[in-house]
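Engineer: Next up, protein.txt (compact mmCIF, C-alpha atoms).
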```txt
# COMPACT_ATOMS: atom_id res chain seq x y z
CA MET A 29 61.93 7.93 -188.37
CA THR A 30 63.17 5.51 -191.00
CA LEU A 31 62.27 5.20 -194.61
CA ASP A 32 60.07 2.15 -194.58
CA ALA A 33 57.52 1.77 -197.30
CA THR A 34 57.10 -1.99 -197.23
CA ASP A 35 53.47 -1.87 -196.00
CA ASN A 36 52.23 0.37 -198.75
CA GLY A 37 50.30 -1.03 -201.68
CA PRO A 38 50.57 -4.43 -203.28
CA LYS A 39 53.96 -6.13 -202.97
CA ASP A 40 54.54 -6.33 -206.72
CA GLY A 41 53.21 -2.80 -207.42
CA PRO A 42 55.16 0.44 -207.45
CA VAL A 43 56.74 1.42 -204.11
CA GLU A 44 54.84 4.39 -202.68
CA ILE A 45 56.33 6.66 -200.05
CA PHE A 46 54.03 9.13 -198.36
CA SER A 47 55.30 12.52 -197.29
CA HIS A 48 54.47 11.79 -193.64
CA GLU A 49 56.83 8.81 -193.76
CA LEU A 50 59.81 10.87 -194.82
CA PRO A 51 62.44 11.71 -192.18
CA ALA A 52 61.55 14.91 -190.33
CA LYS A 53 63.12 16.98 -187.58
CA GLN A 54 61.47 16.12 -184.27
CA LEU A 55 59.63 18.86 -182.38
CA ASP A 56 61.03 20.31 -179.18
CA PRO A 57 59.63 17.97 -176.44
CA GLU A 58 58.21 20.91 -174.44
CA LEU A 59 56.37 22.28 -177.46
CA ARG A 60 55.12 18.79 -178.35
CA LYS A 61 53.79 18.37 -174.81
CA ALA A 62 52.01 21.74 -174.89
CA ARG A 63 50.43 20.95 -178.25
CA ASP A 64 49.33 17.49 -177.19
CA ALA A 65 47.58 18.97 -174.15
CA LYS A 66 45.31 21.09 -176.37
CA VAL A 67 42.11 20.00 -178.14
CA GLN A 68 43.11 18.43 -181.46
CA ILE A 69 41.36 19.74 -184.58
CA ALA A 70 41.64 18.72 -188.24
CA THR A 71 40.08 20.25 -191.37
CA ILE A 72 39.72 19.06 -194.95
CA SER A 73 38.05 20.08 -198.19
CA LEU A 74 36.54 17.31 -200.29
CA CYS A 75 34.74 18.51 -203.44
CA GLY A 76 34.65 22.13 -202.30
CA CYS A 77 36.46 25.40 -202.97
CA TRP A 78 38.27 25.82 -199.60
CA GLY A 79 35.98 28.81 -198.95
CA CYS A 80 34.73 27.38 -195.65
CA ASN A 81 38.33 26.96 -194.45
CA LEU A 82 39.00 30.55 -195.51
CA SER A 83 35.92 31.64 -193.60
CA LEU A 84 37.42 30.12 -190.45
CA LEU A 85 40.58 32.13 -191.09
CA ASP A 86 38.36 35.20 -191.41
CA THR A 87 37.67 35.09 -187.68
CA ASP A 88 40.88 37.13 -187.48
CA GLU A 89 41.95 37.85 -183.89
CA ALA A 90 39.39 35.36 -182.53
CA LEU A 91 41.59 32.71 -184.14
CA VAL A 92 44.47 33.65 -181.85
CA ASP A 93 42.24 33.03 -178.86
CA LEU A 94 41.04 29.76 -180.40
CA LEU A 95 44.62 28.59 -180.97
CA SER A 96 45.34 28.92 -177.26
CA LYS A 97 42.81 26.11 -176.75
CA VAL A 98 43.19 24.01 -179.88
CA HIS A 99 45.96 22.53 -181.96
CA ILE A 100 45.30 22.18 -185.68
CA THR A 101 46.77 18.95 -187.04
CA ARG A 102 45.82 17.79 -190.54
CA SER A 103 44.67 20.86 -192.42
CA SER A 104 45.42 23.04 -195.40
CA PHE A 105 46.77 25.61 -192.90
CA THR A 106 49.45 23.20 -191.64
CA ASP A 107 49.97 21.18 -194.84
CA ILE A 108 49.92 17.97 -192.78
CA LYS A 109 48.50 15.22 -194.99
CA ARG A 110 47.57 12.55 -192.45
CA ILE A 111 45.75 12.63 -189.12
CA PRO A 112 48.47 11.74 -186.60
CA GLY A 113 46.22 10.40 -183.80
CA ARG A 114 42.85 10.82 -182.14
CA ILE A 115 41.11 14.08 -183.08
CA ALA A 116 38.40 15.81 -181.04
CA VAL A 117 36.83 17.88 -183.81
CA GLY A 118 37.05 17.32 -187.58
CA LEU A 119 35.71 19.94 -189.98
CA ILE A 120 34.62 18.67 -193.40
CA GLU A 121 34.07 21.01 -196.29
CA GLY A 122 32.79 19.93 -199.72
CA GLY A 123 30.62 17.09 -200.95
CA VAL A 124 31.58 13.59 -202.04
CA ALA A 125 32.34 13.49 -205.77
CA ASN A 126 35.01 10.78 -206.17
CA ASP A 127 36.49 7.68 -204.52
CA GLU A 128 39.33 9.65 -202.92
CA ASN A 129 36.71 11.86 -201.19
CA ILE A 130 35.05 8.73 -199.76
CA GLU A 131 38.40 7.41 -198.47
CA THR A 132 39.33 10.75 -196.89
CA LEU A 133 35.88 11.17 -195.32
CA GLU A 134 35.97 7.66 -193.82
CA HIS A 135 39.51 8.35 -192.54
CA PHE A 136 38.19 11.48 -190.79
CA ARG A 137 35.17 9.65 -189.36
CA GLU A 138 37.42 6.93 -188.00
CA HIS A 139 39.74 9.39 -186.24
CA CYS A 140 37.39 12.18 -185.10
CA ASP A 141 35.17 12.21 -182.02
CA ILE A 142 32.94 14.96 -183.45
CA LEU A 143 32.62 15.38 -187.20
CA ILE A 144 31.27 18.70 -188.47
CA ALA A 145 29.95 19.25 -192.00
CA THR A 146 30.57 22.85 -193.02
CA GLY A 147 28.99 24.65 -195.95
CA ALA A 148 26.43 23.98 -198.67
CA CYS A 149 28.61 21.44 -200.55
CA ALA A 150 29.07 19.18 -197.50
CA ILE A 151 25.41 19.54 -196.55
CA TRP A 152 23.67 18.91 -199.87
CA GLY A 153 26.33 18.88 -202.59
CA GLY A 154 26.41 22.59 -203.43
CA VAL A 155 27.69 23.85 -206.78
CA PRO A 156 29.34 20.51 -207.75
CA ALA A 157 25.95 18.80 -207.24
CA THR A 158 24.48 20.75 -210.15
CA ARG A 159 25.93 17.92 -212.23
CA ASN A 160 23.38 15.60 -210.60
CA LEU A 161 20.74 17.30 -212.76
CA HIS A 162 22.50 16.21 -215.96
CA GLY A 163 24.37 13.00 -215.14
CA LEU A 164 28.11 12.30 -215.19
CA GLU A 165 28.41 11.14 -218.81
CA PRO A 166 26.89 14.27 -220.43
CA CYS A 167 29.07 16.46 -218.18
CA LEU A 168 32.31 14.68 -219.17
CA ARG A 169 31.21 14.73 -222.81
CA GLU A 170 30.58 18.48 -222.64
CA ALA A 171 33.91 19.11 -220.89
CA TYR A 172 36.27 16.90 -222.90
CA VAL A 173 34.61 15.67 -226.10
CA ASP A 174 32.25 18.39 -227.34
CA SER A 175 34.12 21.23 -225.66
CA PRO A 176 34.48 24.26 -227.95
CA THR A 177 37.93 24.90 -226.48
CA ARG A 178 39.32 21.44 -227.36
CA PRO A 179 42.00 21.82 -230.09
CA ALA A 180 40.53 20.44 -233.30
CA GLN A 181 43.46 18.07 -233.95
CA SER A 182 43.52 16.52 -230.47
CA PRO A 183 41.72 13.22 -229.89
CA PRO A 184 38.55 13.52 -227.76
CA VAL A 185 39.69 11.79 -224.56
CA VAL A 186 38.18 11.83 -221.09
CA PRO A 187 41.21 11.80 -218.75
CA HIS A 188 41.70 8.45 -217.02
CA HIS A 189 44.61 7.07 -215.07
CA PRO A 190 44.92 4.93 -211.92
CA ASP A 191 46.23 8.01 -210.08
CA ILE A 192 43.21 10.14 -210.99
CA PRO A 193 40.33 9.60 -208.52
CA LYS A 194 37.27 7.96 -210.08
CA LEU A 195 34.25 10.26 -210.14
CA THR A 196 31.07 9.06 -208.47
CA ASN A 197 27.94 9.07 -210.64
CA LYS A 198 26.40 11.72 -208.38
CA VAL A 199 27.72 14.23 -205.87
CA TYR A 200 26.59 13.27 -202.37
CA PRO A 201 26.21 15.20 -199.11
CA VAL A 202 28.73 13.91 -196.55
CA HIS A 203 25.99 12.70 -194.18
CA GLU A 204 24.83 10.24 -196.84
CA VAL A 205 28.29 8.58 -196.67
CA VAL A 206 29.29 8.70 -192.98
CA LYS A 207 27.59 9.76 -189.74
CA ILE A 208 27.87 13.51 -189.23
CA ASP A 209 27.40 14.96 -185.75
CA VAL A 210 26.92 18.65 -186.52
CA SER A 211 26.20 20.66 -189.68
CA ILE A 212 26.98 24.34 -190.21
CA PRO A 213 25.18 25.69 -193.31
CA GLY A 214 26.27 28.66 -195.42
CA CYS A 215 28.17 29.29 -198.62
CA PRO A 216 30.52 29.78 -196.93
CA PRO A 217 29.33 29.75 -193.31
CA ASP A 218 30.08 32.96 -191.50
CA GLY A 219 33.38 32.85 -189.59
CA ARG A 220 31.64 33.89 -186.37
CA THR A 221 29.15 31.03 -186.76
CA MET A 222 31.93 28.46 -187.17
CA PHE A 223 33.75 30.00 -184.24
CA LYS A 224 30.57 29.91 -182.12
CA VAL A 225 29.95 26.22 -182.87
CA ILE A 226 33.56 25.21 -182.11
CA ASP A 227 33.61 27.37 -178.98
CA ASP A 228 30.27 25.90 -177.79
CA LEU A 229 31.57 22.36 -178.30
CA LEU A 230 34.89 23.12 -176.56
CA SER A 231 33.04 24.66 -173.62
CA GLY A 232 30.66 21.71 -173.35
CA ARG A 233 27.60 23.82 -174.19
CA GLY A 234 26.47 21.48 -176.94
CA PHE A 235 25.32 22.47 -180.40
CA SER A 236 22.68 25.05 -181.21
CA MET A 237 21.97 27.07 -184.33
CA PRO A 238 19.65 29.97 -183.45
CA ALA A 239 17.85 31.70 -186.34
CA ASP A 240 20.06 34.81 -186.18
CA TYR A 241 23.20 32.69 -186.70
CA ASN A 242 21.79 30.36 -189.35
CA ARG A 243 22.42 31.24 -192.99
CA PHE A 244 22.15 29.12 -196.14
CA ASP A 245 23.87 31.52 -198.58
CA MET B 29 -17.92 35.71 -178.08
CA SER B 30 -14.93 35.89 -175.79
CA ILE B 31 -13.40 32.50 -175.02
CA THR B 32 -10.30 31.17 -173.27
CA ILE B 33 -7.79 28.78 -174.83
CA THR B 34 -4.50 27.46 -173.47
CA ILE B 35 -1.32 27.63 -175.54
CA ASP B 36 1.75 25.99 -173.98
CA GLY B 37 0.17 26.32 -170.55
CA ARG B 38 -0.67 30.00 -171.00
CA LYS B 39 -4.32 31.08 -170.74
CA ILE B 40 -5.28 33.31 -173.63
CA GLU B 41 -8.52 35.21 -174.09
CA THR B 42 -9.70 35.57 -177.65
CA GLU B 43 -12.76 35.66 -179.86
CA GLU B 44 -14.38 32.42 -180.97
CA GLY B 45 -13.81 31.58 -184.62
CA CYS B 46 -10.40 33.24 -185.11
CA ALA B 47 -7.76 31.10 -186.83
CA LEU B 48 -5.52 29.50 -184.21
CA ILE B 49 -2.35 30.61 -186.02
CA ASP B 50 -3.52 34.27 -185.83
CA VAL B 51 -4.49 34.00 -182.16
CA ALA B 52 -1.03 32.64 -181.40
CA ALA B 53 0.70 35.44 -183.35
CA ASP B 54 -1.41 38.11 -181.59
CA ASN B 55 -0.14 36.75 -178.29
CA GLY B 56 3.52 36.66 -179.23
CA ILE B 57 3.66 32.94 -180.10
CA TYR B 58 5.20 32.33 -183.51
CA ILE B 59 3.96 29.34 -185.49
CA PRO B 60 5.79 28.99 -188.84
CA SER B 61 3.79 28.56 -192.05
CA LEU B 62 4.54 28.57 -195.76
CA CYS B 63 1.07 28.71 -197.31
CA TYR B 64 -1.00 30.79 -194.87
CA THR B 65 -1.31 34.54 -195.32
CA ARG B 66 -3.17 36.53 -192.71
CA GLY B 67 -6.46 37.85 -194.05
CA LYS B 68 -6.52 35.43 -196.99
CA PRO B 69 -8.53 32.17 -197.14
CA CYS B 70 -6.79 29.21 -195.54
CA LEU B 71 -5.07 26.81 -197.97
CA GLY B 72 -3.84 24.19 -195.50
CA THR B 73 -1.36 22.76 -197.99
CA CYS B 74 2.09 23.01 -196.37
CA ARG B 75 1.26 21.64 -192.85
CA VAL B 76 4.34 23.46 -191.50
CA CYS B 77 2.08 25.16 -188.89
CA SER B 78 1.30 21.79 -187.31
CA THR B 79 0.65 21.96 -183.56
CA ARG B 80 -1.04 19.63 -181.10
CA VAL B 81 -4.62 20.62 -180.32
CA ASN B 82 -6.45 18.61 -177.64
CA GLY B 83 -3.95 15.80 -178.20
CA ASN B 84 -4.20 15.64 -182.00
CA VAL B 85 -1.69 17.07 -184.48
CA VAL B 86 -3.42 19.58 -186.76
CA ALA B 87 -2.42 22.42 -189.08
CA SER B 88 -3.12 25.48 -186.95
CA CYS B 89 -4.24 27.60 -189.93
CA THR B 90 -7.11 25.15 -190.51
CA VAL B 91 -8.61 25.23 -187.02
CA THR B 92 -10.47 28.03 -185.30
CA ALA B 93 -10.21 28.86 -181.63
CA GLN B 94 -12.81 27.08 -179.47
CA ASP B 95 -13.40 27.57 -175.76
CA GLY B 96 -11.19 25.34 -173.57
CA MET B 97 -8.87 24.35 -176.43
CA MET B 98 -5.51 22.95 -175.22
CA VAL B 99 -2.74 23.80 -177.68
CA GLU B 100 0.91 22.68 -177.65
CA VAL B 101 3.27 24.62 -179.92
CA ASP B 102 6.67 24.60 -178.26
CA GLU B 103 6.60 20.90 -177.43
CA PRO B 104 9.65 18.89 -178.59
CA GLU B 105 7.83 16.19 -180.57
CA VAL B 106 5.56 18.53 -182.53
CA ALA B 107 8.40 21.05 -183.03
CA GLU B 108 10.53 18.23 -184.49
CA MET B 109 7.61 17.32 -186.76
CA ARG B 110 7.49 20.88 -188.16
CA LYS B 111 11.25 20.82 -188.68
CA LEU B 112 11.06 17.50 -190.54
CA LEU B 113 8.35 18.89 -192.83
CA VAL B 114 10.64 21.80 -193.78
CA GLU B 115 13.61 19.48 -194.22
CA ALA B 116 11.54 17.21 -196.49
CA LEU B 117 10.73 20.24 -198.69
CA PHE B 118 14.44 21.03 -199.02
CA SER B 119 15.28 17.53 -200.25
CA GLU B 120 12.19 17.26 -202.47
CA GLY B 121 12.97 20.35 -204.57
CA HIS B 122 16.12 21.99 -205.80
CA HIS B 123 16.81 24.66 -203.20
CA ASN B 124 20.21 26.08 -204.00
CA CYS B 125 20.15 29.13 -201.70
CA PRO B 126 23.62 30.47 -202.66
CA SER B 127 22.54 30.91 -206.29
CA CYS B 128 18.86 31.80 -205.82
CA GLU B 129 17.51 35.29 -206.51
CA LYS B 130 14.98 34.88 -203.72
CA SER B 131 17.59 34.23 -201.03
CA GLY B 132 17.08 36.62 -198.12
CA ARG B 133 13.50 37.22 -199.25
CA CYS B 134 12.51 33.54 -199.29
CA GLU B 135 9.98 32.33 -196.72
CA LEU B 136 11.10 28.69 -197.00
CA GLN B 137 14.63 29.76 -196.11
CA ALA B 138 13.42 32.04 -193.31
CA VAL B 139 11.19 29.32 -191.84
CA ALA B 140 14.12 26.85 -192.04
CA TYR B 141 16.15 29.29 -189.91
CA GLU B 142 13.29 29.57 -187.41
CA VAL B 143 12.95 25.79 -187.01
CA GLU B 144 16.76 25.63 -186.69
CA MET B 145 17.23 23.34 -189.68
CA THR B 146 20.86 22.78 -190.66
CA ALA B 147 20.86 19.77 -193.01
CA SER B 148 18.01 17.66 -194.36
CA PRO B 149 18.16 14.04 -193.16
CA PHE B 150 16.29 12.92 -196.30
CA PRO B 151 18.08 11.95 -199.53
CA TYR B 152 18.21 14.96 -201.86
CA ARG B 153 16.16 14.20 -204.97
CA PHE B 154 17.52 16.82 -207.41
CA PRO B 155 14.29 16.85 -209.42
CA LYS B 156 14.48 18.08 -212.98
CA ARG B 157 11.44 20.14 -213.92
CA GLU B 158 11.93 22.37 -216.94
CA ARG B 159 11.66 26.07 -216.22
CA ASN B 160 9.09 28.06 -218.16
CA VAL B 161 10.19 31.44 -219.55
CA GLU B 162 7.38 31.98 -222.07
CA ALA B 163 5.46 34.71 -220.20
CA ASP B 164 6.54 38.29 -220.90
CA HIS B 165 7.31 39.20 -217.30
CA ILE B 166 7.49 35.91 -215.38
CA PHE B 167 10.11 33.20 -214.97
CA LEU B 168 8.79 29.94 -213.57
CA GLU B 169 11.61 28.05 -211.82
CA ARG B 170 9.59 24.86 -211.40
CA ASP B 171 12.07 22.79 -209.40
CA ARG B 172 11.76 25.26 -206.51
CA CYS B 173 7.95 24.98 -206.23
CA ILE B 174 6.68 23.59 -202.91
CA PHE B 175 3.05 23.32 -204.14
CA CYS B 176 1.63 25.71 -201.55
CA GLN B 177 -1.01 26.88 -204.08
CA ARG B 178 -0.88 30.52 -202.98
CA CYS B 179 -0.46 31.59 -206.61
CA VAL B 180 -3.16 29.18 -207.82
CA GLU B 181 -5.75 30.70 -205.48
CA GLN B 182 -4.63 34.31 -205.17
CA VAL B 183 -3.39 35.37 -208.61
CA ARG B 184 -6.34 35.90 -210.94
CA ASP B 185 -7.17 37.57 -214.21
CA GLU B 186 -8.84 40.87 -213.27
CA GLU B 187 -11.52 40.70 -215.97
CA THR B 188 -12.65 37.10 -215.81
CA GLY B 189 -11.35 35.97 -212.41
CA GLN B 190 -9.67 33.01 -214.11
CA ALA B 191 -6.67 31.40 -212.41
CA ILE B 192 -3.28 32.04 -214.03
CA PHE B 193 -1.39 29.22 -212.31
CA ALA B 194 -2.35 25.59 -211.84
CA ILE B 195 -0.76 22.39 -210.59
CA HIS B 196 -0.76 19.60 -213.14
CA GLY B 197 -0.03 15.96 -212.39
CA ARG B 198 0.24 14.23 -209.06
CA GLY B 199 2.98 12.98 -206.74
CA THR B 200 6.51 13.05 -208.14
CA THR B 201 5.29 14.17 -211.59
CA ALA B 202 3.31 17.17 -210.30
CA GLN B 203 4.44 20.56 -211.53
CA ILE B 204 3.25 24.14 -211.60
CA GLU B 205 1.86 25.40 -214.91
CA ILE B 206 1.22 28.93 -216.15
CA ASP B 207 -1.40 30.21 -218.60
CA VAL B 208 0.94 32.37 -220.69
CA GLU B 209 -1.84 34.27 -222.47
CA LEU B 210 -3.52 35.30 -219.23
CA ALA B 211 -0.16 35.93 -217.54
CA ASN B 212 0.73 38.41 -220.27
CA LYS B 213 -2.43 40.38 -219.42
CA LEU B 214 -1.30 40.85 -215.79
CA SER B 215 -0.28 44.37 -214.82
CA LEU B 216 3.31 44.84 -213.65
CA GLU B 217 1.90 45.47 -210.19
CA GLN B 218 0.14 42.07 -210.26
CA VAL B 219 3.34 40.36 -211.49
CA HIS B 220 5.20 41.96 -208.60
CA GLU B 221 2.56 40.71 -206.16
CA ALA B 222 2.67 37.19 -207.63
CA ALA B 223 6.46 37.05 -207.22
CA ALA B 224 6.17 38.41 -203.68
CA LEU B 225 3.51 35.93 -202.54
CA CYS B 226 5.51 32.93 -203.81
CA PRO B 227 7.19 31.64 -200.61
CA VAL B 228 10.13 30.29 -202.63
CA GLY B 229 12.01 31.43 -205.74
CA CYS B 230 9.63 29.73 -208.20
CA ILE B 231 7.71 32.76 -209.54
CA LEU B 232 10.28 35.40 -210.45
CA GLU B 233 9.87 38.79 -212.08
CA LYS B 234 11.89 39.14 -215.26
CA GLY B 235 14.37 42.00 -215.10
CA VAL B 236 14.60 41.77 -211.32
CA GLY B 237 17.53 39.84 -209.91
CA PHE B 238 19.73 40.22 -206.92
CA ASP B 239 18.49 43.76 -206.32
CA ASP B 240 19.26 44.07 -202.61
CA PRO B 241 22.74 43.28 -201.29
CA MET B 242 23.27 40.83 -198.45
CA GLY B 243 22.41 42.40 -195.12
CA LYS B 244 19.77 44.64 -196.69
CA ARG B 245 17.37 42.01 -197.99
CA LYS B 246 13.82 41.65 -196.65
CA PHE B 247 14.49 39.08 -193.93
CA ASP B 248 17.99 40.42 -193.19
CA VAL B 249 16.41 43.71 -192.18
CA LYS B 250 13.60 42.15 -190.15
CA SER B 251 13.13 38.43 -189.53
CA LEU B 252 10.05 36.54 -190.66
CA ARG B 253 9.21 35.79 -187.02
CA LYS B 254 9.11 39.49 -186.17
CA ARG B 255 7.02 40.27 -189.24
CA VAL B 256 4.47 37.56 -188.43
CA LEU B 257 4.22 38.60 -184.78
CA GLU B 258 3.69 42.20 -185.82
CA GLY B 259 0.86 41.14 -188.13
CA GLU B 260 2.53 42.01 -191.45
CA THR B 261 0.77 40.30 -194.34
CA SER B 262 3.39 40.48 -197.07
```
So, in terms of structure tokens, how does the structure I just supplied come out?
Structural biologist:
Amino acid sequence: MTLDATDNGPKDGPVEIFSHELPAKQLDPELRKARDAKVQIATISLCGCWGCNLSLLDTDEALVDLLSKVHITRSSFTDIKRIPGRIAVGLIEGGVANDENIETLEHFREHCDILIATGACAIWGGVPATRNLHGLEPCLREAYVDSPTRPAQSPPVVPHHPDIPKLTNKVYPVHEVVKIDVSIPGCPPDGRTMFKVIDDLLSGRGFSMPADYNRFD
Amino acid sequence: MSITITIDGRKIETEEGCALIDVAADNGIYIPSLCYTRGKPCLGTCRVCSTRVNGNVVASCTVTAQDGMMVEVDEPEVAEMRKLLVEALFSEGHHNCPSCEKSGRCELQAVAYEVEMTASPFPYRFPKRERNVEADHIFLERDRCIFCQRCVEQVRDEETGQAIFAIHGRGTTAQIEIDVELANKLSLEQVHEAAALCPVGCILEKGVGFDDPMGKRKFDVKSLRKRVLEGETS
């Protein structure tokens, strides 16, 4: 892999090099082949707390069994920042609260055959959506201008920079931004429920959420 | 008089005049509802018990069993209709289950599980209705109200029979109101009953919070479906 950043950003702007473009040691061909033969999975947290991803980790030894069938590509577990190719199942945690969330969500939708919304935040906005009751401006004012913890001498400034994602006026459920195929409620969803849904989809049983699995809290 | 009705192709013998929703429950067929309580007068407000009777969609708490009635409960179209009604309630109010005291004891939540709701397809409205904390023993979390009117009809001043709760306004501006003076005359037992009959976390008892841990809450211990089929009334 060569260092080639010519396609990134405007020609006269700063040169951006993404981590996935940096030179890396190539995988052993046998291992690469074995991984490619598995079902590809990716996970991401938008405006969430990573709790749903942790819940998946909480499946403990069931995860070992799962990993014999799936290969996790882009995810916080692998620290891979881009989806390398076509993905069978994408797990989305968190709601949409800024423009970077929208970009990431659309990137997942484009690359995933089945997109799963996990947790209260992805499904209806969750804790971050409590700001919808007050509006963005009063929230930023409370946090940065009228905050009792702001040092008295410092100027009241709401952080802004081209590198900081722009907040959306409201926090949105992911299904209001892209098409979502399956939703798993819970805050966070139970590990066994997430495992059941993924296992059902991998085995071609389709999606079902019986009452004894469903949980909103 | 003994009559025969058909529910989902099953012949059922029952007495004429019984509420259809009760007849179904007595025969092991669960029909979800959020306003109906067995033994209490029918309110017919939530429509979540909608079924198809002789080809027409009706709320099954509002109709009584008649000889030869053909009822469809577990039919995909009408089941989807019930699910959509529940989903509409979730987007109309502010139903934040993870932070709600009623979670695990909430009928709206339990019914949502039974109709296998996962996410509401309707845009979430995030209504802002000020909570009322004026009464001595009652919190009124207005943005959780689903306007079932159980409290309006069933919670009364013992002396005068006057209603304590009322719905003011219409449409998107409707909200539940409380007569603070009369509410303060309620016994603690009555306050407890009022909080228990509210199918959501709108009427809450002050001083009572997350008293039962997860796994030991009302519907964790026994599901709403089981309770209804066993004829429990509260």
Engineer: Could you check the closest approach to B:Asp102 for each of B:Ala116, B:Val143, B:Ile31, B:Cys128 and tell me which residue wins, using all atoms listed in the file?
Structural biologist: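 Nearest candidate to B:Asp102 out of B:Ala116, B:Val143, B:Ile31, B:Cys128: B:Val143.
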Engineer: If the cut-off is 9 Å, can you tell me the residues of chain B near chain A, counting all atoms listed in the file? I'd like them as a ChimeraX atom specification.
Structural biologist: /B:119,124-128,131-132,137-152,154-156,251
Engineer: Just the selected residues (C-alpha atoms), exported as a CSV table (one decimal), keeping the file's coordinate frame, please.
Structural biologist:
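The result, stored in again.csv:
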```csv
chain,number,residue,atom,x,y,z
B,119,SER,CA,15.3,17.5,-200.2
B,124,ASN,CA,20.2,26.1,-204.0
B,125,CYS,CA,20.2,29.1,-201.7
B,126,PRO,CA,23.6,30.5,-202.7
B,127,SER,CA,22.5,30.9,-206.3
B,128,CYS,CA,18.9,31.8,-205.8
B,131,SER,CA,17.6,34.2,-201.0
B,132,GLY,CA,17.1,36.6,-198.1
B,137,GLN,CA,14.6,29.8,-196.1
B,138,ALA,CA,13.4,32.0,-193.3
B,139,VAL,CA,11.2,29.3,-191.8
B,140,ALA,CA,14.1,26.8,-192.0
B,141,TYR,CA,16.2,29.3,-189.9
B,142,GLU,CA,13.3,29.6,-187.4
B,143,VAL,CA,13.0,25.8,-187.0
B,144,GLU,CA,16.8,25.6,-186.7
B,145,MET,CA,17.2,23.3,-189.7
B,146,THR,CA,20.9,22.8,-190.7
B,147,ALA,CA,20.9,19.8,-193.0
B,148,SER,CA,18.0,17.7,-194.4
B,149,PRO,CA,18.2,14.0,-193.2
B,150,PHE,CA,16.3,12.9,-196.3
B,151,PRO,CA,18.1,12.0,-199.5
B,152,TYR,CA,18.2,15.0,-201.9
B,154,PHE,CA,17.5,16.8,-207.4
B,155,PRO,CA,14.3,16.8,-209.4
B,156,LYS,CA,14.5,18.1,-213.0
B,251,SER,CA,13.1,38.4,-189.5
```
Engineer: Suppose you want the space between atom CA of B:Leu117 and atom CA of A:Ile72; what is it in Å?
Structural biologist: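 Going from atom CA of B:Leu117 over to atom CA of A:Ile72, I get 29.3 Å.
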Engineer: With all atoms listed in the file as the counted atoms, please give the residues lying no more than 12 Å from B:His196, apart from itself and same-chain residues fewer than 6 positions off, as an MDAnalysis selection string.
Structural biologist: chainID B and resid 170 175 177 180 202:207
Engineer: Find the spatial neighbours of stretch 62-71 of chain B, counting only C-alpha atoms, within a cut-off of 7 Å - ignore same-chain residues fewer than 6 positions away - and output them as a VMD selection string.
Structural biologist: chain B and resid 89 to 90 135 to 136 176 178 227 261
Engineer: At what distance in Å, to one decimal, does atom CA of B:Leu252 lie from atom CA of B:Glu44?
Structural biologist: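 Distance reported for this atom pair: 26.6 Å.
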Engineer: Mind pulling up the distance from atom CA of B:Gly259 to atom CA of B:Ile59?
Structural biologist: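 The value is 12.5 Å.
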Engineer: Which one is closest to A:Cys167: A:Ile111, A:Leu50, A:Cys140, A:Leu195? Count only C-alpha atoms.
Structural biologist: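 Result for the nearest residue to A:Cys167: A:Leu195.
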Engineer: Which residues are near B:Arg159? Cut-off 8 Å, all atoms listed in the file, ignore same chain within fewer than 3 positions. Put them as a list in words.
Structural biologist: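 Selected residues are Phe167, Leu168, Glu169, Arg170 and Asp171 of chain B.
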Engineer: Pick out the residues sitting within 12 Å of B:Arg133, and hand them over as a ChimeraX atom specification; count all atoms listed in the file, and ignore anything fewer than 3 positions along from it in its own chain.
Structural biologist: /A:245 /B:125,128-130,136-139,223-229,232,237-252,262
Engineer: Print the selection's residues with C-alpha atoms to a file, as an mmCIF file, in the coordinates of the input.
Structural biologist:
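Full text of part_6.cif as output:
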```cif
data_model
loop_
_atom_site.group_PDB
_atom_site.id
_atom_site.type_symbol
_atom_site.label_atom_id
_atom_site.label_comp_id
_atom_site.auth_asym_id
_atom_site.auth_seq_id
_atom_site.Cartn_x
_atom_site.Cartn_y
_atom_site.Cartn_z
ATOM 1 C CA ASP A 245 23.870 31.520 -198.580
ATOM 2 C CA CYS B 125 20.150 29.130 -201.700
ATOM 3 C CA CYS B 128 18.860 31.800 -205.820
ATOM 4 C CA GLU B 129 17.510 35.290 -206.510
ATOM 5 C CA LYS B 130 14.980 34.880 -203.720
ATOM 6 C CA LEU B 136 11.100 28.690 -197.000
ATOM 7 C CA GLN B 137 14.630 29.760 -196.110
ATOM 8 C CA ALA B 138 13.420 32.040 -193.310
ATOM 9 C CA VAL B 139 11.190 29.320 -191.840
ATOM 10 C CA ALA B 223 6.460 37.050 -207.220
ATOM 11 C CA ALA B 224 6.170 38.410 -203.680
ATOM 12 C CA LEU B 225 3.510 35.930 -202.540
ATOM 13 C CA CYS B 226 5.510 32.930 -203.810
ATOM 14 C CA PRO B 227 7.190 31.640 -200.610
ATOM 15 C CA VAL B 228 10.130 30.290 -202.630
ATOM 16 C CA GLY B 229 12.010 31.430 -205.740
ATOM 17 C CA LEU B 232 10.280 35.400 -210.450
ATOM 18 C CA GLY B 237 17.530 39.840 -209.910
ATOM 19 C CA PHE B 238 19.730 40.220 -206.920
ATOM 20 C CA ASP B 239 18.490 43.760 -206.320
ATOM 21 C CA ASP B 240 19.260 44.070 -202.610
ATOM 22 C CA PRO B 241 22.740 43.280 -201.290
ATOM 23 C CA MET B 242 23.270 40.830 -198.450
ATOM 24 C CA GLY B 243 22.410 42.400 -195.120
ATOM 25 C CA LYS B 244 19.770 44.640 -196.690
ATOM 26 C CA ARG B 245 17.370 42.010 -197.990
ATOM 27 C CA LYS B 246 13.820 41.650 -196.650
ATOM 28 C CA PHE B 247 14.490 39.080 -193.930
ATOM 29 C CA ASP B 248 17.990 40.420 -193.190
ATOM 30 C CA VAL B 249 16.410 43.710 -192.180
ATOM 31 C CA LYS B 250 13.600 42.150 -190.150
ATOM 32 C CA SER B 251 13.130 38.430 -189.530
ATOM 33 C CA LEU B 252 10.050 36.540 -190.660
ATOM 34 C CA SER B 262 3.390 40.480 -197.070
#
```
